[in-house]
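Just below is one structure, and these are the notes that go with it.
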Amino acid sequence: MEYAISVENLTKKFDSFTAVDGISFSIPKGSIFGFLGPNGSGKSTTIRMLCGVLHPTSGKALVMGKDVTRETEAVRQSLGYMSQRFSLYEDLTVEENLNFYAGVYGLSGKVTSQRKKELIEMANLTGKERSLAGTLSGGWKQRLALGCALIHKPELLILDEPTAGVDPVSRRVFWEIIHSLARQGITVLVTTHYMDEAESCSQVGFILNGRLMDIASPRELIEKEGAKNLEDIFIKQVEKAEGSRLAGRFEQLGFLRGDDRHD
Amino acid sequence: MIKNRHGFSFKRFWSIIKKEFIQMKRDPISLKLPFIMPVVMMLLFGYAVNTEVDKIPTAVYDLSSSEESRSFLEQFTGSDYFVIYENVQSEERLEELIKSGRAKAGLVIPGDYSHKIKNGDNAQLQLIIDGTEPTTARTALASGQLIAGGFSQKYTSQGLLKYGITPEKLAGLTLKTAVWYNPDMESSKFTIPGLVGLILQNITIMLTAFALVREKERSTIEQLIVTPIKPSELILGKLIPYIVVGYSGFLFSLAICVWFFKIPVSGSLGLLLLLGFLFVYCSLSIGMLISTFAKNQLQAMIVMVFVLLPSILLSGFIFPREAMPAAIGYIGYFIPLTYFLDIIRGITLKGVGLDYLWQDALALLSFTIVILFIATKRFRKSLD
């Protein structure tokens with residue numbers, strides 16, 4: 001099988017803190033891989049290493065068969081990336097943002113205008129071409145960011161919490177686009193906290209404290225763990241790692257019950 | 001400057017420039033700053049910062065009230081340095097006027113003034129000066145002494161004539177003075193050309209630092225890093241628009257200096273334009289360096305205060321560096337504006353060329369190279 005991403009023993013240390021601790025996984029081409037885990041578990045750090053933004057402390061990562069540390073430029077040309085925060089230029093219009101990224105990827109004018117038209121249609125942004133990106137609402141912004149990440153026709157799309165803070169309808173629209181992209185053969189790596197989104201991925205991986213706990217298709221995971229859904233598995237994994245029940249912690253908050261009266 | 005190095009893409013580079021100009025156009029301040037700042041600052045500094053003091057309001061207490069005292073007063077007010085605020089009738093009133101600040105000086109002519117003059121005795125006048133404003137006080141003191149001295153000389157020569165001696169027969173000393181470059185010693189001639197340099201520096205540093213920090217603050221830089229863009233394309237593409245804007249600000253303020261304040265460029269305009277370009281580059285590097293120390297625009301603003309304030313106070317822009325304690329004056333050598341002020345004042349007022357200014361030009365060039373090197377290095381590091 002051909003892999004879009006294959007990672008071996010990837011590790012990232014910040015001083016004494018190990019953010020990513022020797023993880024290994026492979027993502028087949030054309031699949032949607034859901035990366036799950038609590039905040040601060042190492043998802044974003046892994047993604048940033050795959051994009052060549054951070055240098056791994058050790059280990060190896062191949063993106064589209066190319067080494068991220070040695071062939072960074074070729075890797076960057078083949079991937080589209082959408083970061084956690086909306087990071088397009090709010091003082092540029094929809095069209096200017098697309099033009100800018102087209103230029104940065106070195107596309108010719110003819111190719112740009114053709115793709116721009118298609119991407120604007122895909123993102124449902126028709127009629128908004130001349131609106132400033134800053135004036136768009138959450139869902140529109142996310143779709144514009146996706147459009148900018150796709151303008152150079154990447155083979156791999158990396159999305160870091162793309163739907164955080166987006167309304168349910170926009171979320172649905174966004175995922176429909178992701179599925180149609182996968183059908184066209186684009187590999188998608190996505191992180192999310194929404195378990196309904198995770199369940200529609202071809203494969204999911206749980207990452208906790210920088211370690212990859214489990215990797216399988218959502219259905220396999222649910223059957224293996226005997227859980228109701230992915231959300232249960234998620235919580236169980238975290239509890240196992242922390243060695244205590246999450247709900248129990250709140251019972252320690254004595255002052256809420258008035259235990260701390262000194263009078 | 002722009003070399004087609006291996007892999008340098010003009011397309012990517014051009015996209016950055018275009019984007020930067022669009023953003024500038026949308027920003028209500030960036031494009032107006034190079035035009036508003038020169039107008040506001042030049043009017044402020046051109047008119048408000050005037051170190052020439054004249055028409056000092058003076059309270060006069062004339063106890064003599066004679067022909068002689070009136071003759072002195074005529075001379076006194078005729079100098080234009082003093083105007084009579086009020087002829088007071090008591091010492092208390094004189095004190096009151098000075099205390100309230102309505103009069104900055106008080107002149108007391110004693111009752112025996114006319115008597116002593118007539119008898120050929122030495123008469124004493126008293127000039128009281130409010131010393132709270134040293135500039136006014138110094139002018140009052142110097143011009144008061146000058147007027148009294150002139151008057152005294154007149155009486156001396158009249159006295160000598162009585163004995164048949166004409167002053168020409170006595171040994172004496174005359175100092176012929178010539179004030180070069182600014183014969184009327186107008187402070188605007190000193191301030192305005194310097195201001196052209198200061199404005200250029202401020203506009204360029206501010207806009208550059210803000211533009212670079214903005215990408216960090218809004219995390220757009222992260223999206224840029226994952227594209228194939230090269231640090232050199234990014235840095236140059238982002239800086240060129242600010243070179244254009246900073247230089248426009250320089251040309252505009254130079255135009256105000258020449259046509260509005262009528263301070264012509266007596267030396268080579270070409271040399272001034274060239275060294276002005278170098279200074280834009282230098283300021284740009286400072287702005288870039290500041291941006292590497294700040295995470296957001298507020299932090300950049302704070303760092304900027306620490307850079308701009310010393311450059312105003314210690315560069316010799318207003319206060320002569322010769323008057324500073326050696327240690328503090330020494331700091332001025334580490335401020336690029338110090339050298340550019342020498343250059344721009346030298347070219348506009350003195351009309352001198354590189355033969356006199358080469359040391360300043362060389363210092364400016366060295367600073368530019370060093371700062372640009374450090375800034376680029378730090379900026380590249382912040383991209384990783």
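Just so we're on the same page: first chain in the structure tokens is A, next is B, and so on; residues restart at 1 for each chain, and ligands are numbered from 1 in the order they show up.
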Give the helix (DSSP H, G or I) residues of segment 203-235 of chain A, as assigned by DSSP on the backbone, as a count of residues only.
14
Find the residues near segment 289-292 of chain B: any atom within 7 Å, counting only C-alpha atoms, skip ones fewer than 4 places away on the same chain, and give them as a list in words.
Ala209, Leu212, Val213, Ser285, Ala300, Val303, Ala375, Arg378 and Phe379 of chain B
Output as JSON lines one row per residue of chain A within 10 Å of chain B: the closest atom pair and its distance in Å to one decimal place, counting only C-alpha atoms, sorted by chain and residue number ascending.
```
{"residue": "A:Arg48", "atom": "CA", "partner": "B:Val226", "partner_atom": "CA", "distance": 8.9}
{"residue": "A:Leu50", "atom": "CA", "partner": "B:Val226", "partner_atom": "CA", "distance": 9.9}
{"residue": "A:Cys51", "atom": "CA", "partner": "B:Val226", "partner_atom": "CA", "distance": 6.1}
{"residue": "A:Gly52", "atom": "CA", "partner": "B:Val226", "partner_atom": "CA", "distance": 7.0}
{"residue": "A:Val53", "atom": "CA", "partner": "B:Asp384", "partner_atom": "CA", "distance": 6.4}
{"residue": "A:Leu54", "atom": "CA", "partner": "B:Asp384", "partner_atom": "CA", "distance": 6.9}
{"residue": "A:His55", "atom": "CA", "partner": "B:Asp384", "partner_atom": "CA", "distance": 8.5}
{"residue": "A:Thr72", "atom": "CA", "partner": "B:Pro228", "partner_atom": "CA", "distance": 8.3}
{"residue": "A:Glu73", "atom": "CA", "partner": "B:Pro228", "partner_atom": "CA", "distance": 5.5}
{"residue": "A:Ala74", "atom": "CA", "partner": "B:Pro228", "partner_atom": "CA", "distance": 7.9}
{"residue": "A:Val75", "atom": "CA", "partner": "B:Pro228", "partner_atom": "CA", "distance": 8.7}
{"residue": "A:Arg76", "atom": "CA", "partner": "B:Thr227", "partner_atom": "CA", "distance": 5.7}
{"residue": "A:Gln77", "atom": "CA", "partner": "B:Pro228", "partner_atom": "CA", "distance": 6.1}
{"residue": "A:Ser78", "atom": "CA", "partner": "B:Thr227", "partner_atom": "CA", "distance": 9.6}
{"residue": "A:Leu79", "atom": "CA", "partner": "B:Val226", "partner_atom": "CA", "distance": 8.4}
{"residue": "A:Gly80", "atom": "CA", "partner": "B:Val226", "partner_atom": "CA", "distance": 8.1}
{"residue": "A:Tyr81", "atom": "CA", "partner": "B:Val226", "partner_atom": "CA", "distance": 7.1}
{"residue": "A:Met82", "atom": "CA", "partner": "B:Gln223", "partner_atom": "CA", "distance": 7.2}
{"residue": "A:Ser83", "atom": "CA", "partner": "B:Gln223", "partner_atom": "CA", "distance": 6.9}
{"residue": "A:Gln84", "atom": "CA", "partner": "B:Ser219", "partner_atom": "CA", "distance": 9.7}
{"residue": "A:Arg85", "atom": "CA", "partner": "B:Ser219", "partner_atom": "CA", "distance": 7.4}
{"residue": "A:Phe86", "atom": "CA", "partner": "B:Ser219", "partner_atom": "CA", "distance": 8.0}
{"residue": "A:Ser87", "atom": "CA", "partner": "B:Thr220", "partner_atom": "CA", "distance": 4.4}
{"residue": "A:Leu88", "atom": "CA", "partner": "B:Thr220", "partner_atom": "CA", "distance": 5.7}
{"residue": "A:Tyr89", "atom": "CA", "partner": "B:Thr220", "partner_atom": "CA", "distance": 6.8}
{"residue": "A:Glu90", "atom": "CA", "partner": "B:Arg218", "partner_atom": "CA", "distance": 9.0}
{"residue": "A:Asp91", "atom": "CA", "partner": "B:Gln23", "partner_atom": "CA", "distance": 6.2}
{"residue": "A:Leu92", "atom": "CA", "partner": "B:Gln23", "partner_atom": "CA", "distance": 6.8}
{"residue": "A:Thr93", "atom": "CA", "partner": "B:Ile22", "partner_atom": "CA", "distance": 9.8}
{"residue": "A:Glu96", "atom": "CA", "partner": "B:Lys19", "partner_atom": "CA", "distance": 7.9}
{"residue": "A:Asn97", "atom": "CA", "partner": "B:Lys19", "partner_atom": "CA", "distance": 8.6}
{"residue": "A:Asn99", "atom": "CA", "partner": "B:Ser15", "partner_atom": "CA", "distance": 8.2}
{"residue": "A:Phe100", "atom": "CA", "partner": "B:Ser15", "partner_atom": "CA", "distance": 5.8}
{"residue": "A:Tyr101", "atom": "CA", "partner": "B:Ser15", "partner_atom": "CA", "distance": 8.2}
{"residue": "A:Ala102", "atom": "CA", "partner": "B:Ser15", "partner_atom": "CA", "distance": 8.6}
{"residue": "A:Gly103", "atom": "CA", "partner": "B:Ser15", "partner_atom": "CA", "distance": 5.3}
{"residue": "A:Val104", "atom": "CA", "partner": "B:Arg12", "partner_atom": "CA", "distance": 4.5}
{"residue": "A:Tyr105", "atom": "CA", "partner": "B:Pro228", "partner_atom": "CA", "distance": 6.7}
{"residue": "A:Gly106", "atom": "CA", "partner": "B:Lys11", "partner_atom": "CA", "distance": 6.0}
{"residue": "A:Leu107", "atom": "CA", "partner": "B:Lys11", "partner_atom": "CA", "distance": 8.5}
{"residue": "A:Ser108", "atom": "CA", "partner": "B:Lys11", "partner_atom": "CA", "distance": 9.0}
{"residue": "A:Ala145", "atom": "CA", "partner": "B:Gln223", "partner_atom": "CA", "distance": 9.7}
{"residue": "A:Cys148", "atom": "CA", "partner": "B:Gln223", "partner_atom": "CA", "distance": 9.8}
{"residue": "A:Ala149", "atom": "CA", "partner": "B:Gln223", "partner_atom": "CA", "distance": 8.9}
{"residue": "A:His152", "atom": "CA", "partner": "B:Thr227", "partner_atom": "CA", "distance": 9.9}
```
Who sits within 9 Å of Gly332 of chain B, only C-alpha atoms, same chain under 5 positions skipped, as a ChimeraX atom specification
/B:310-311,313-316,321,337-338
I'd like the contact shell of Ala4 of chain A - 7 Å cut-off, only C-alpha atoms, skipping same-chain residues fewer than 4 positions apart - returned as a PyMOL selection string.
chain A and resi 27-29+63-64+187
Correct to one decimal, the distance atom CA of Val53 of chain B-atom CA of Leu107 of chain B is 17.9 Å
